[in-house]
2 protein chains.
Amino acid sequence: MPGSDRRTGDLLVVTATAVTPVAVQDPPLLNASGCHQPYQLRSIIEVHTAAGITGISEAYGDDATLALLAVGVAALPGLDVFDLHGLTSRVTEVLGNVVSSSFTELIGPASRDKTVAQVVGAFEVALLDIQGKALGRPVADLLGGAVRDTVDFSAYLFYKWAEHPAGSSSFAPDDWGTALDPDGIVAQARRMVDTYGFGSLKLKGGVFAPEEEIEAVKALRAAFPDHPVRLDPNANWTVQTSLRVAKELEGELEYLEDPTPGISGMAEVAARTSLPLATNMCVTAFADIPESVRLGAVQVILSDHHFWGGLHQSQRLAGICDTFGLGLSMHSNTHLGISLAAMTHLAAATPNLTYALDTHFPWKTEEVIQPGVLNFSGGALRVPTGPGLGVEIDRDALARLHEQYQRCGIHSRDDLAHMRLAQPHFTGRRPRF
Amino acid sequence: MPGSDRRTGDLLVVTATAVTPVAVQDPPLLNASGCHQPYQLRSIIEVHTAAGITGISEAYGDDATLALLAVGVAALPGLDVFDLHGLTSRVTEVLGNVVSSSFTELIGPASRDKTVAQVVGAFEVALLDIQGKALGRPVADLLGGAVRDTVDFSAYLFYKWAEHPAGSSSFAPDDWGTALDPDGIVAQARRMVDTYGFGSLKLKGGVFAPEEEIEAVKALRAAFPDHPVRLDPNANWTVQTSLRVAKELEGELEYLEDPTPGISGMAEVAARTSLPLATNMCVTAFADIPESVRLGAVQVILSDHHFWGGLHQSQRLAGICDTFGLGLSMHSNTHLGISLAAMTHLAAATPNLTYALDTHFPWKTEEVIQPGVLNFSGGALRVPTGPGLGVEIDRDALARLHEQYQRCGIHSRDDLAHMRLAQPHFTGRRPRF
């Protein structure tokens, strides 16, 4: 009852924070930058409070992010877990003029705001987890309530090799085999749809000549006529190439994601195609929005709480999309179950997030959370109903994956270097087509 | 502790809602529409839950609003108080195609969205009050935390008569006397600043010829050189008049509020003055924002949770203002203490709400809340620290003001009719200058 809540409330201040880097096995998935390395890095965040309640979160695990989080952790002691504005101001203060240039390949030029957003996003989820646990309510309730019980995800299809290049630290080949042509992509999609029930498909493109990827999309459309399909070449095409592909695929795609770099390039493409353009590369911070709106550069924004500054800021983005008639989808960044739970709560509590979400989930063979909560059915996840995020760390798994991190020798994501093990002359330059 | 919270949580569903109209005495304040009537109407909302916690809120009290609230009340039984999205969808459903045309004079053409927003805004505040009481935390904590301990307000200056026109239901003359010229306005400002400590001044204009109001502004600037001054003629000027006044007052005003009607008119003025233009008349719903941004029609938006759809939607508006480089201030609608508390929590938890807020507070001689919490000092209110809104209904006062409502004979605000008691040929037509 209120009285006892109040007493718990007084104790909801942060006492300590642990950041544990982990490495999880990852198949050789191809993209515009190169090839996924054998291990992807994440950091698992645990925020402890005087009340004895611990909140969890998840962020990138590369050296640059770990360094940022190490600085950011100093912002937390004594912070009330409801004081999310205080989190932002404290993080802003401790970061000072630090500007992280990690992920510029993904989210564009580095900025102080983007750096703050990354750190705030990492900790805010843990604070919301604590709030939810203290209240005995799911995080979705703290975001205005779930408008849906289940959240749809999309099958994330990749061109891939059967195994990692010789010379890389590696593990046994995954069981997905090769997918380097339309047949391989359709077979991959078939297995993914059969296993998880996904109702929409996303192909990571920008790997092969656009004509080959157009053929892959057409093959998917023929094999799955009722499945909306997206194509994401990660800004690896010129404006001219983008328009050529768009013309071929008009009416075939749910949306075309980041065909070409930059807001002005996207605006050029948007002006001359009826295909909706989506982005998680050229509009990645609030500062990007006014120009994008002015130029009509994109029709769909893929949110990502990891770089937009957390769940509340993602809802701010959602409100802007709703106001300006922009679609809203969600980007996936090779997450584990903690971020997947956060994405699911956020999507459930965002009325205008009606596109199926991206997820790398099917490519993961290792997990840091206890099983049982996040099970795909019909391509969707049930919104966890337990307190907070509704998922808990599997401590044995955390220890094992941390040990794997220490052993694997990878400290920053470098898809380019990994690709060069197989193709020494691969440049990674974009746009390449 | 969490366990007991959980049990309270399960009971946080709405069981019953009471809406009690009240009338409070109001002085003969002049504006573009006419003259304030002797009584202003508000409705006091009490939302009860199975947990025994009651939340309170406040809305307009005219017949049209009461009719809307009566329909909206049917949306509440069984609603979880954290399910704010559910509130919106339920209210949308029960309202059906109802479109309220009340306040079109203030907030522009009626729409379904505006109608829903009015009803949602009225109830959402009460649900947040319940959430806060259940958690033992102030509403500001539910909005991301207070970024300031005190919230600044502005002195709201009005041209006024000494007493209400003969022939109106009335009460003893107020003790503010007449203010019909620059000297009267300066004297009124002096008393208001001396009494409450306000650090900024707002003059309700649109009453007399613009030249007279320019003189009043200049007199205020001379008498209070350190006080920012705003002028609000309530869209009673043509574009040409607005530009003439703007030229006279450039450098003198903090902002010029709604000089002329409509987004396109405001854009015409904005294009030719360096004075920031503010509005609570032409951008009053999210649907108004894209055109306003495209045309650069306004530089400051005055939010008002009563017609923007509640505190969460007001935060959405704040996020949009921040993103698009717009200033954010707050409109006052002749509120009592419950809405004043809600405004204070919202402003405290809105980092970019840096302008002093409007308030009619000094003009009110009657109150519905228990005294002691909302006391002006240095022109500011301390953010209430008690659970929820931190204010409680004075039941004797509520009964008395409800009886006054039943007795006063006023059921809708009609400043025009009241003005005509004194000036039978007053048209109320705008723009009049």
# chains A, B, ... in the order shown; residues from 1 in each chain; ligands from 1

call {"tool": "residues_around", "arguments": {"residues": "Tyr159 of chain B", "least_positions_apart": "2", "cutoff": "6 Å", "atoms": "only C-alpha atoms", "output": "JSON, numbers by chain"}}
result
{"B": [30, 179, 180]}

call {"tool": "select_by_dssp", "arguments": {"residues": "segment 122-200 of chain B", "states": "alpha helix (DSSP H)", "output": "ChimeraX atom specification"}}
result
/B:122-135,139-142,182-196

call {"tool": "closest_atom_pairs", "arguments": {"of": "segment 282-384 of chain A", "to": "segment 258-266 of chain A", "cutoff": "7 Å", "atoms": "only C-alpha atoms", "output": "tab-separated table"}}
result
residue	atom	partner	partner_atom	distance
A:Cys282	CA	A:Gly262	CA	5.2
A:Ser292	CA	A:Ile263	CA	6.1
A:Ala297	CA	A:Met266	CA	5.2
A:Val298	CA	A:Met266	CA	6.8

call {"tool": "write_last_selection", "arguments": {"atoms": "N, CA, C and O atoms", "output": "PDB file, in the first residue's frame"}}
result
ATOM      1  N   CYS A 282      20.662   8.089 -41.784  1.00  0.00           N
ATOM      2  CA  CYS A 282      20.816   9.528 -42.040  1.00  0.00           C
ATOM      3  C   CYS A 282      19.979  10.392 -41.098  1.00  0.00           C
ATOM      4  O   CYS A 282      20.202  11.594 -40.996  1.00  0.00           O
ATOM      5  N   SER A 292      15.483  16.817 -42.505  1.00  0.00           N
ATOM      6  CA  SER A 292      14.852  15.667 -43.141  1.00  0.00           C
ATOM      7  C   SER A 292      13.380  15.945 -43.463  1.00  0.00           C
ATOM      8  O   SER A 292      12.886  15.602 -44.539  1.00  0.00           O
ATOM      9  N   ALA A 297      12.953  13.828 -46.970  1.00  0.00           N
ATOM     10  CA  ALA A 297      13.996  12.857 -47.330  1.00  0.00           C
ATOM     11  C   ALA A 297      13.607  11.417 -47.034  1.00  0.00           C
ATOM     12  O   ALA A 297      14.039  10.508 -47.745  1.00  0.00           O
ATOM     13  N   VAL A 298      12.833  11.204 -45.957  1.00  0.00           N
ATOM     14  CA  VAL A 298      12.476   9.833 -45.600  1.00  0.00           C
ATOM     15  C   VAL A 298      11.007   9.773 -45.209  1.00  0.00           C
ATOM     16  O   VAL A 298      10.423  10.769 -44.769  1.00  0.00           O
TER      17      VAL A 298
END

call {"tool": "closest_residue", "arguments": {"among": "A:Leu275, A:Leu135, A:Leu87, A:Leu328", "to": "chain B", "atoms": "only C-alpha atoms"}}
result
A:Leu135

call {"tool": "residues_around", "arguments": {"residues": "segment 231-237 of chain B", "least_positions_apart": "4", "cutoff": "8 Å", "atoms": "only C-alpha atoms", "output": "list in words"}}
result
Asn31, Ala32, Lys202, Leu203, Lys204, Gly205, Gly206, Val207, Val217, Thr241, Ser242, Leu253, Tyr255, Leu256, Glu257, Asp258, Pro259, Thr260, Pro261, Met281, Arg430, Pro431, Arg432 and Phe433 of chain B
